[in-house]
$ cat upload-v7.csv   # CSV, C-alpha atoms
chain,number,residue,atom,x,y,z
A,1,MET,CA,165.2,195.1,127.9
A,2,SER,CA,166.3,195.8,131.5
A,3,SER,CA,167.2,192.1,131.9
A,4,SER,CA,169.5,192.4,128.9
A,5,TYR,CA,171.3,195.4,130.5
A,6,LEU,CA,171.6,193.4,133.7
A,7,ILE,CA,173.2,190.4,131.8
A,8,ILE,CA,175.7,192.8,130.1
A,9,PHE,CA,176.6,194.4,133.4
A,10,LEU,CA,177.1,191.0,135.1
A,11,THR,CA,179.2,189.8,132.3
A,12,ILE,CA,181.5,192.8,132.5
A,13,CYS,CA,181.7,192.5,136.3
A,14,LEU,CA,182.6,188.8,136.0
A,15,PHE,CA,185.4,189.6,133.5
A,16,SER,CA,186.9,192.2,135.9
A,17,PHE,CA,186.2,191.1,139.5
A,18,THR,CA,189.6,189.2,140.0
A,19,LYS,CA,191.9,192.0,138.6
A,20,ALA,CA,193.2,192.7,142.1
A,21,GLN,CA,194.3,189.1,142.6
A,22,GLU,CA,196.0,189.1,139.2
A,23,ALA,CA,198.1,192.2,140.2
A,24,ALA,CA,199.3,190.5,143.4
A,25,ALA,CA,201.2,187.7,141.6
A,26,PRO,CA,203.2,187.7,138.3
A,27,GLU,CA,201.5,185.7,135.5
A,28,ALA,CA,203.1,182.7,133.9
A,29,ASN,CA,203.8,182.9,130.2
A,30,GLU,CA,200.8,180.8,129.3
A,31,CYS,CA,198.6,183.3,131.2
A,32,ALA,CA,200.1,186.3,129.6
A,33,ALA,CA,198.1,188.4,127.1
A,34,GLU,CA,198.4,187.4,123.5
A,35,GLU,CA,199.1,190.5,121.5
A,36,ILE,CA,197.1,190.7,118.2
A,37,LEU,CA,199.5,192.2,115.7
A,38,ASP,CA,197.9,194.5,113.1
A,39,TYR,CA,194.4,194.4,114.7
A,40,ASN,CA,192.0,194.7,111.8
A,41,MET,CA,189.4,197.1,113.1
A,42,PRO,CA,187.3,197.3,109.9
A,43,MET,CA,187.0,193.5,109.7
A,44,ARG,CA,185.9,193.3,113.4
A,45,VAL,CA,183.3,196.0,112.9
A,46,GLY,CA,182.1,194.3,109.7
A,47,SER,CA,181.7,191.0,111.6
A,48,LEU,CA,179.4,192.8,114.0
A,49,PHE,CA,177.0,193.6,111.2
A,50,ILE,CA,177.4,190.2,109.5
A,51,ILE,CA,176.3,188.5,112.7
A,52,LEU,CA,173.5,191.0,113.3
A,53,VAL,CA,172.0,190.2,109.9
A,54,THR,CA,172.5,186.4,110.3
A,55,SER,CA,170.9,186.4,113.7
A,56,ALA,CA,168.0,188.4,112.4
A,57,LEU,CA,167.5,185.9,109.5
A,58,GLY,CA,167.6,182.9,111.8
A,59,VAL,CA,165.2,184.2,114.5
A,60,PHE,CA,162.7,186.1,112.3
A,61,THR,CA,162.4,183.7,109.4
A,62,PRO,CA,160.2,181.2,111.4
A,63,ILE,CA,158.3,184.0,113.1
A,64,ILE,CA,157.4,185.7,109.8
A,65,MET,CA,156.5,182.3,108.2
A,66,HIS,CA,154.2,181.6,111.1
A,67,ARG,CA,152.4,184.9,111.1
A,68,ILE,CA,152.2,186.2,107.5
A,69,SER,CA,148.9,184.3,106.7
A,70,PRO,CA,146.9,181.3,108.1
A,71,TYR,CA,148.0,177.8,107.2
A,72,GLY,CA,146.6,174.4,107.9
A,73,LYS,CA,148.1,171.2,109.3
A,74,GLY,CA,149.8,169.2,106.6
A,75,SER,CA,150.6,172.3,104.5
A,76,ILE,CA,154.2,172.8,103.2
A,77,ARG,CA,154.6,175.7,105.6
A,78,GLU,CA,153.4,173.7,108.6
A,79,TRP,CA,155.9,170.9,107.7
A,80,LEU,CA,158.8,173.4,107.4
A,81,LEU,CA,158.0,175.0,110.7
A,82,THR,CA,157.6,171.6,112.4
A,83,MET,CA,161.0,170.5,111.0
A,84,GLY,CA,162.5,173.8,112.1
A,85,LYS,CA,161.2,173.3,115.6
A,86,PHE,CA,162.7,169.9,116.0
A,87,PHE,CA,165.9,170.9,114.2
A,88,GLY,CA,166.1,173.7,116.8
A,89,THR,CA,165.7,171.2,119.7
A,90,GLY,CA,168.8,169.3,118.4
A,91,VAL,CA,170.7,172.6,118.0
A,92,ILE,CA,169.9,173.5,121.7
A,93,LEU,CA,171.1,170.2,123.0
A,94,ALA,CA,174.3,170.2,120.9
A,95,THR,CA,175.0,173.8,122.0
A,96,ALA,CA,174.9,172.8,125.6
A,97,PHE,CA,176.8,169.5,125.3
A,98,VAL,CA,179.4,170.5,122.6
A,99,HIS,CA,179.8,174.2,122.8
A,100,MET,CA,179.2,175.3,126.4
A,101,LEU,CA,179.8,172.5,128.9
A,102,PRO,CA,183.2,171.3,127.5
A,103,GLU,CA,184.4,174.8,127.2
A,104,ALA,CA,183.4,175.5,130.8
A,105,LEU,CA,185.1,172.3,132.1
A,106,GLU,CA,188.3,173.2,130.1
A,107,ASN,CA,188.4,176.7,131.6
A,108,PHE,CA,187.8,175.5,135.1
A,109,ASP,CA,190.9,173.3,134.6
A,110,SER,CA,193.1,176.2,133.5
A,111,PRO,CA,196.4,176.6,135.3
A,112,CYS,CA,195.8,180.4,135.2
A,113,LEU,CA,193.1,180.1,137.9
A,114,SER,CA,193.9,180.4,141.5
A,115,ALA,CA,194.7,177.3,143.6
A,116,GLY,CA,191.3,177.4,145.2
A,117,TRP,CA,189.5,176.8,141.9
A,118,GLN,CA,191.9,174.0,141.0
A,119,THR,CA,191.3,171.9,144.1
A,120,TYR,CA,188.0,170.6,142.7
A,121,GLY,CA,187.7,169.3,139.1
A,122,ALA,CA,183.9,169.4,138.7
A,123,PHE,CA,183.0,173.1,139.2
A,124,GLY,CA,181.5,173.2,135.6
A,125,GLY,CA,179.1,170.4,136.5
A,126,VAL,CA,178.2,172.0,139.8
A,127,PHE,CA,177.3,175.4,138.3
A,128,CYS,CA,175.4,173.6,135.5
A,129,MET,CA,173.4,171.6,138.2
A,130,ILE,CA,172.8,174.8,140.2
A,131,SER,CA,171.3,176.6,137.3
A,132,SER,CA,169.0,173.6,136.5
A,133,PHE,CA,167.8,173.5,140.2
A,134,ALA,CA,167.2,177.2,140.1
A,135,LEU,CA,165.1,177.0,136.9
A,136,GLN,CA,163.0,174.2,138.4
A,137,LEU,CA,162.3,176.4,141.5
A,138,LEU,CA,161.6,179.5,139.3
A,139,GLU,CA,159.2,177.6,137.1
A,140,LEU,CA,157.4,176.1,140.1
A,141,ALA,CA,157.0,179.5,141.7
A,142,ALA,CA,155.8,181.1,138.5
A,143,VAL,CA,153.2,178.4,137.7
A,144,SER,CA,152.0,178.2,141.3
A,145,ASN,CA,151.4,182.0,141.2
A,146,ILE,CA,149.6,181.7,137.9
A,147,GLU,CA,147.3,179.0,139.4
A,148,ARG,CA,146.5,181.2,142.3
A,149,ILE,CA,145.6,184.1,140.0
A,150,HIS,CA,143.3,181.8,138.0
A,151,LYS,CA,141.7,180.4,141.1
A,152,ARG,CA,141.0,183.9,142.4
A,153,ASN,CA,139.6,185.1,139.1
A,154,SER,CA,137.4,181.9,138.9
A,155,GLU,CA,136.0,182.6,142.4
A,156,GLN,CA,135.2,186.2,141.4
A,157,ASN,CA,133.4,185.1,138.3
A,158,ILE,CA,131.4,182.6,140.3
A,159,SER,CA,130.3,185.3,142.7
A,160,LEU,CA,129.3,187.6,139.8
A,161,ASP,CA,127.3,184.8,138.3
A,162,ILE,CA,125.4,184.1,141.5
A,163,GLU,CA,124.6,187.8,141.9
A,164,LYS,CA,123.4,188.0,138.3
A,165,GLN,CA,121.2,185.0,138.8
A,166,ARG,CA,119.7,186.5,142.0
A,167,SER,CA,119.0,189.8,140.1
A,168,ASP,CA,117.3,188.0,137.3
A,169,SER,CA,115.2,185.8,139.6
A,170,SER,CA,113.7,188.9,141.2
A,171,LEU,CA,112.1,190.2,137.9
A,172,ASP,CA,109.1,187.9,137.8
A,173,SER,CA,108.1,184.3,138.3
A,174,GLU,CA,108.1,183.5,134.6
A,175,SER,CA,111.7,184.6,134.1
A,176,THR,CA,112.5,182.8,137.3
A,177,ASP,CA,111.2,179.6,135.8
A,178,ILE,CA,113.1,180.1,132.6
A,179,THR,CA,116.3,180.8,134.6
A,180,ALA,CA,115.7,177.7,136.7
A,181,ARG,CA,115.4,175.6,133.6
A,182,ASN,CA,118.5,177.0,131.9
A,183,SER,CA,120.8,177.6,134.8
A,184,PRO,CA,122.3,174.0,134.8
A,185,VAL,CA,123.3,174.5,131.2
A,186,GLU,CA,124.7,178.0,131.8
A,187,ARG,CA,126.6,176.9,134.9
A,188,CYS,CA,128.0,173.9,132.9
A,189,HIS,CA,129.0,176.2,130.1
A,190,GLU,CA,130.5,178.7,132.5
A,191,GLY,CA,132.3,176.0,134.3
A,192,HIS,CA,133.8,174.9,131.0
A,193,VAL,CA,135.1,178.4,130.5
A,194,HIS,CA,136.7,178.6,133.9
A,195,SER,CA,138.3,175.1,133.4
A,196,ALA,CA,140.2,176.6,130.5
A,197,GLY,CA,142.5,177.9,133.2
A,198,LEU,CA,144.3,174.5,132.9
A,199,PHE,CA,145.1,175.2,129.3
A,200,GLU,CA,146.2,178.7,130.1
A,201,ASP,CA,148.5,177.4,132.8
A,202,ALA,CA,150.1,175.0,130.2
A,203,GLU,CA,150.6,178.0,127.9
A,204,ALA,CA,152.1,180.0,130.7
A,205,PHE,CA,154.4,177.2,131.6
A,206,GLN,CA,155.6,177.1,128.0
A,207,HIS,CA,156.1,180.9,128.0
A,208,ILE,CA,158.3,180.6,131.0
A,209,GLY,CA,160.4,177.9,129.4
A,210,THR,CA,160.9,180.0,126.2
A,211,LEU,CA,161.9,183.0,128.2
A,212,ILE,CA,164.4,181.0,130.2
A,213,LEU,CA,165.7,179.4,127.0
A,214,GLU,CA,166.4,182.9,125.6
A,215,LEU,CA,168.2,183.8,128.8
A,216,GLY,CA,170.6,180.9,128.4
A,217,ILE,CA,171.3,181.7,124.8
A,218,VAL,CA,171.8,185.4,125.5
A,219,MET,CA,174.3,184.8,128.2
A,220,HIS,CA,176.4,182.6,125.9
A,221,SER,CA,176.0,185.0,123.0
A,222,ILE,CA,177.8,187.8,124.8
A,223,ILE,CA,180.8,185.5,125.6
A,224,VAL,CA,180.9,184.5,121.9
A,225,GLY,CA,180.9,188.1,120.7
A,226,ILE,CA,183.8,189.1,123.1
A,227,THR,CA,185.8,186.0,122.0
A,228,LEU,CA,185.3,186.8,118.3
A,229,ALA,CA,186.5,190.4,118.7
A,230,ASN,CA,189.7,189.3,120.4
A,231,THR,CA,190.6,186.3,118.2
A,232,GLY,CA,193.8,186.5,116.2
A,233,ASN,CA,193.8,187.3,112.6
A,234,ASP,CA,194.7,183.8,111.5
A,235,GLU,CA,191.7,182.2,113.2
A,236,PHE,CA,189.3,185.1,112.8
A,237,ILE,CA,187.7,184.3,109.4
A,238,THR,CA,187.3,180.6,110.3
A,239,LEU,CA,185.6,181.5,113.6
A,240,LEU,CA,183.4,184.1,112.0
A,241,ILE,CA,182.1,181.6,109.4
A,242,ALA,CA,181.4,179.1,112.1
A,243,LEU,CA,179.6,181.7,114.2
A,244,VAL,CA,177.4,182.7,111.2
A,245,PHE,CA,176.0,179.2,111.1
A,246,HIS,CA,176.0,179.0,114.9
A,247,GLN,CA,173.8,182.1,115.2
A,248,PHE,CA,171.5,181.2,112.4
A,249,PHE,CA,170.8,177.8,113.8
A,250,GLU,CA,170.3,179.2,117.3
A,251,GLY,CA,168.0,181.8,115.9
A,252,VAL,CA,165.8,179.2,114.2
A,253,ALA,CA,165.7,177.2,117.4
A,254,LEU,CA,164.5,180.3,119.4
A,255,GLY,CA,162.2,181.6,116.6
A,256,THR,CA,160.2,178.3,116.4
A,257,ARG,CA,159.8,178.3,120.2
A,258,ILE,CA,158.5,181.9,120.2
A,259,ASN,CA,155.9,180.7,117.7
A,260,ASP,CA,154.7,178.1,120.1
A,261,MET,CA,153.9,180.8,122.7
A,262,ASN,CA,150.9,181.8,120.5
A,263,ILE,CA,151.3,185.5,121.4
A,264,ALA,CA,148.7,187.8,119.8
A,265,GLY,CA,150.3,190.7,117.8
A,266,TRP,CA,153.9,191.3,116.7
A,267,ARG,CA,155.3,193.4,119.5
A,268,LYS,CA,156.4,190.7,122.0
A,269,PRO,CA,157.8,188.3,119.4
A,270,ALA,CA,159.6,191.2,117.7
A,271,LEU,CA,161.1,192.2,121.1
A,272,MET,CA,162.3,188.7,121.9
A,273,GLY,CA,163.8,188.3,118.5
A,274,SER,CA,165.5,191.6,118.6
A,275,ILE,CA,167.1,190.9,122.0
A,276,PHE,CA,168.6,187.7,120.6
A,277,MET,CA,169.6,189.5,117.4
A,278,ILE,CA,171.6,192.3,119.1
A,279,MET,CA,173.3,190.3,122.0
A,280,THR,CA,176.2,188.8,120.0
A,281,PRO,CA,176.9,192.1,118.2
A,282,ILE,CA,176.9,193.8,121.6
A,283,GLY,CA,179.5,191.2,122.8
A,284,VAL,CA,181.6,192.0,119.7
A,285,ALA,CA,181.3,195.7,120.4
A,286,ILE,CA,182.4,195.2,124.0
A,287,GLY,CA,185.3,193.0,122.8
A,288,ILE,CA,186.4,195.7,120.3
A,289,GLY,CA,186.2,198.4,123.0
A,290,ILE,CA,188.4,196.5,125.4
A,291,HIS,CA,190.7,194.7,122.9
A,292,SER,CA,193.8,196.8,123.8
A,293,SER,CA,193.6,195.8,127.5
A,294,PHE,CA,191.8,192.5,127.3
A,295,ASN,CA,193.6,189.3,128.3
A,296,ALA,CA,191.7,186.2,127.4
A,297,ASN,CA,194.2,184.2,129.4
A,298,SER,CA,193.7,186.1,132.6
A,299,SER,CA,192.0,184.4,135.6
A,300,SER,CA,189.1,186.9,135.5
A,301,SER,CA,188.4,186.2,131.9
A,302,ILE,CA,188.7,182.5,132.1
A,303,LEU,CA,186.6,182.3,135.3
A,304,ALA,CA,183.9,184.5,133.9
A,305,SER,CA,183.6,182.4,130.7
A,306,ALA,CA,183.6,179.2,132.7
A,307,ILE,CA,180.9,180.3,135.1
A,308,LEU,CA,178.6,181.8,132.4
A,309,ASP,CA,179.1,178.8,130.1
A,310,SER,CA,178.3,176.3,132.7
A,311,LEU,CA,175.2,178.2,133.9
A,312,SER,CA,174.0,178.6,130.3
A,313,ALA,CA,174.6,174.9,129.7
A,314,GLY,CA,172.4,174.0,132.7
A,315,ILE,CA,169.7,176.4,131.4
A,316,LEU,CA,169.7,174.9,127.9
A,317,LEU,CA,169.9,171.2,129.1
A,318,TYR,CA,167.0,171.7,131.5
A,319,ASN,CA,164.9,173.5,128.9
A,320,ALA,CA,165.7,170.9,126.1
A,321,TYR,CA,164.9,167.8,128.1
A,322,ILE,CA,162.0,169.1,130.2
A,323,SER,CA,160.3,171.8,128.1
A,324,LEU,CA,161.1,170.6,124.6
A,325,MET,CA,161.8,166.8,124.4
A,326,SER,CA,159.6,165.5,127.2
A,327,GLN,CA,156.6,167.8,126.8
A,328,GLU,CA,156.8,168.0,123.0
A,329,ILE,CA,157.3,164.3,122.3
A,330,ASN,CA,156.8,161.9,125.2
A,331,GLN,CA,153.9,163.7,127.0
A,332,ASN,CA,152.3,165.0,123.8
A,333,PRO,CA,149.3,162.8,122.7
A,334,ASP,CA,149.1,164.6,119.3
A,335,PHE,CA,152.7,163.5,118.6
A,336,ARG,CA,152.3,160.0,119.9
A,337,ASN,CA,149.2,159.5,117.7
A,338,SER,CA,150.7,161.1,114.6
A,339,PRO,CA,151.6,159.0,111.6
A,340,PHE,CA,154.9,157.2,111.5
A,341,ILE,CA,156.3,159.4,108.6
A,342,ARG,CA,155.7,162.6,110.7
A,343,LYS,CA,157.5,161.1,113.7
A,344,PHE,CA,160.3,160.0,111.5
A,345,VAL,CA,160.8,163.4,109.9
A,346,CYS,CA,160.7,165.1,113.3
A,347,PHE,CA,163.3,162.8,114.8
A,348,ILE,CA,165.6,163.1,111.8
A,349,SER,CA,165.2,166.9,111.9
A,350,MET,CA,166.2,166.9,115.6
A,351,TYR,CA,169.2,164.6,114.9
A,352,CYS,CA,170.3,166.7,112.0
A,353,GLY,CA,170.2,169.9,114.1
A,354,ALA,CA,172.3,168.2,116.8
A,355,GLY,CA,174.7,166.8,114.3
A,356,LEU,CA,175.3,170.0,112.4
A,357,MET,CA,175.8,172.0,115.6
A,358,SER,CA,178.2,169.4,116.9
A,359,LEU,CA,180.2,169.6,113.7
A,360,LEU,CA,180.5,173.4,114.2
A,361,GLY,CA,182.0,172.6,117.6
A,362,LYS,CA,185.3,171.8,115.7
A,363,TRP,CA,185.7,175.5,114.8
A,364,ALA,CA,183.5,177.5,117.3

$ encode --input "upload-v7.csv" --output "structure tokens"
Amino acid sequence: MSSSYLIIFLTICLFSFTKAQEAAAPEANECAAEEILDYNMPMRVGSLFIILVTSALGVFTPIIMHRISPYGKGSIREWLLTMGKFFGTGVILATAFVHMLPEALENFDSPCLSAGWQTYGAFGGVFCMISSFALQLLELAAVSNIERIHKRNSEQNISLDIEKQRSDSSLDSESTDITARNSPVERCHEGHVHSAGLFEDAEAFQHIGTLILELGIVMHSIIVGITLANTGNDEFITLLIALVFHQFFEGVALGTRINDMNIAGWRKPALMGSIFMIMTPIGVAIGIGIHSSFNANSSSSILASAILDSLSAGILLYNAYISLMSQEINQNPDFRNSPFIRKFVCFISMYCGAGLMSLLGKWA
């Protein structure tokens, strides 16, 4: 939860760190605050709980379906979860391409920003690229550290095995003969156990990808919540309806990826789901709290949204192409060898997720 507090703190800082510059020069009319007449506080507070429930349904439905009881491959539940996983991949791609990156590019092009930010027209792409490079380095460092841990543990296990064999061989000559005859099999078996580190590394890599995916979604969720709380009454209902579907689809995408982590027990999946569930409502609460002084057209607000959106887009694009599409489809022998109908359903689910999320981009 400390990372969530850090994200909230950084978001608030980004929204306020250029206030001194704004005070130094008068704002143009297009950069002035848009006053919301008759601010409907009960409706804003109600939207907080609506989005909370919708986010919970989206993220926890696949988690519960996966964990309530065992199920076999080819069962209806397995088909639904597989479709949901690929639907979520499409949702993640469309969220980055349609919701985050265009918004970031538009904000970086705003006349309300200082002249320095307007001298270069591709800051959105630059921040998107920076976050992708940073994620690659982070994953490389994490996986390399995990490999070192497995190597050290394997060496320790081999040392213990040698000591045990020496201890057994000192008992008597008969047990020594038996040990000599069986030791190749035992060593072969134990070598197989230690080689499972490769599988554990793959799982750890997937864990890192899912955690990074949630980071990108959470950063975007806070911006969405603040925006909703400070939207005019005429557009509020339309935006709220769009965000209900937006949060539900993102929740399904994240929930299916949490399932792939194969975590024993409920605590960690419940924690990850809860963080996603509360972040947009926290953004709404922040927006409600600052609505009287908040100016969505100020340079600080625009710049904060632009930077966070572009960073989040880079996170989601990297995760979607590397961790989801490439590893899940192209490099997955199980998928390549699966029947045509299964591949067809998976691709259609992914395209439907991308299409529906792209359609929501018209309103949110």

$ atom_distance --input "upload-v7.csv" --atom1 "CA of Ala306 in chain A" --atom2 "CA of Ser131 in chain A"
13.4 Å

$ atom_distance --input "upload-v7.csv" --atom1 "CA of Gly289 in chain A" --atom2 "CA of Leu113 in chain A"
24.6 Å

$ residues_around --input "upload-v7.csv" --residues "Gly58 in chain A" --least-positions-apart "6" --cutoff "10 Å" --atoms "all atoms listed in the file" --output "VMD selection string"
chain A and resid 244 to 256 273 277

$ write_last_selection --input "upload-v7.csv" --atoms "C-alpha atoms" --output "PDB file, keeping the file's coordinate frame"
ATOM      1  CA  VAL A 244     177.400 182.700 111.200  1.00  0.00           C
ATOM      2  CA  PHE A 245     176.000 179.200 111.100  1.00  0.00           C
ATOM      3  CA  HIS A 246     176.000 179.000 114.900  1.00  0.00           C
ATOM      4  CA  GLN A 247     173.800 182.100 115.200  1.00  0.00           C
ATOM      5  CA  PHE A 248     171.500 181.200 112.400  1.00  0.00           C
ATOM      6  CA  PHE A 249     170.800 177.800 113.800  1.00  0.00           C
ATOM      7  CA  GLU A 250     170.300 179.200 117.300  1.00  0.00           C
ATOM      8  CA  GLY A 251     168.000 181.800 115.900  1.00  0.00           C
ATOM      9  CA  VAL A 252     165.800 179.200 114.200  1.00  0.00           C
ATOM     10  CA  ALA A 253     165.700 177.200 117.400  1.00  0.00           C
ATOM     11  CA  LEU A 254     164.500 180.300 119.400  1.00  0.00           C
ATOM     12  CA  GLY A 255     162.200 181.600 116.600  1.00  0.00           C
ATOM     13  CA  THR A 256     160.200 178.300 116.400  1.00  0.00           C
ATOM     14  CA  GLY A 273     163.800 188.300 118.500  1.00  0.00           C
ATOM     15  CA  MET A 277     169.600 189.500 117.400  1.00  0.00           C
TER      16      MET A 277
END

$ atom_distance --input "upload-v7.csv" --atom1 "CA of Ala141 in chain A" --atom2 "CA of Gly209 in chain A"
12.9 Å

$ residues_around --input "upload-v7.csv" --residues "Leu356 in chain A" --least-positions-apart "3" --cutoff "10 Å" --atoms "only C-alpha atoms" --output "list in words"
Phe87, Gly90, Val91, Ala94, Phe245, His246, Phe249, Tyr351, Cys352, Gly353, Leu359, Leu360 and Gly361 of chain A

$ closest_residue --input "upload-v7.csv" --among "A:Leu81, A:Ile212, A:Ile263, A:Ala115" --to "Leu138 in chain A" --atoms "all atoms listed in the file"
A:Ile212

$ closest_residue --input "upload-v7.csv" --among "A:Cys346, A:Ile130, A:Ile315, A:Ile307" --to "Asn107 in chain A" --atoms "all atoms listed in the file"
A:Ile307

$ closest_residue --input "upload-v7.csv" --among "A:Ser221, A:Ser305, A:Ser293, A:Ser300" --to "Ile275 in chain A" --atoms "all atoms listed in the file"
A:Ser221
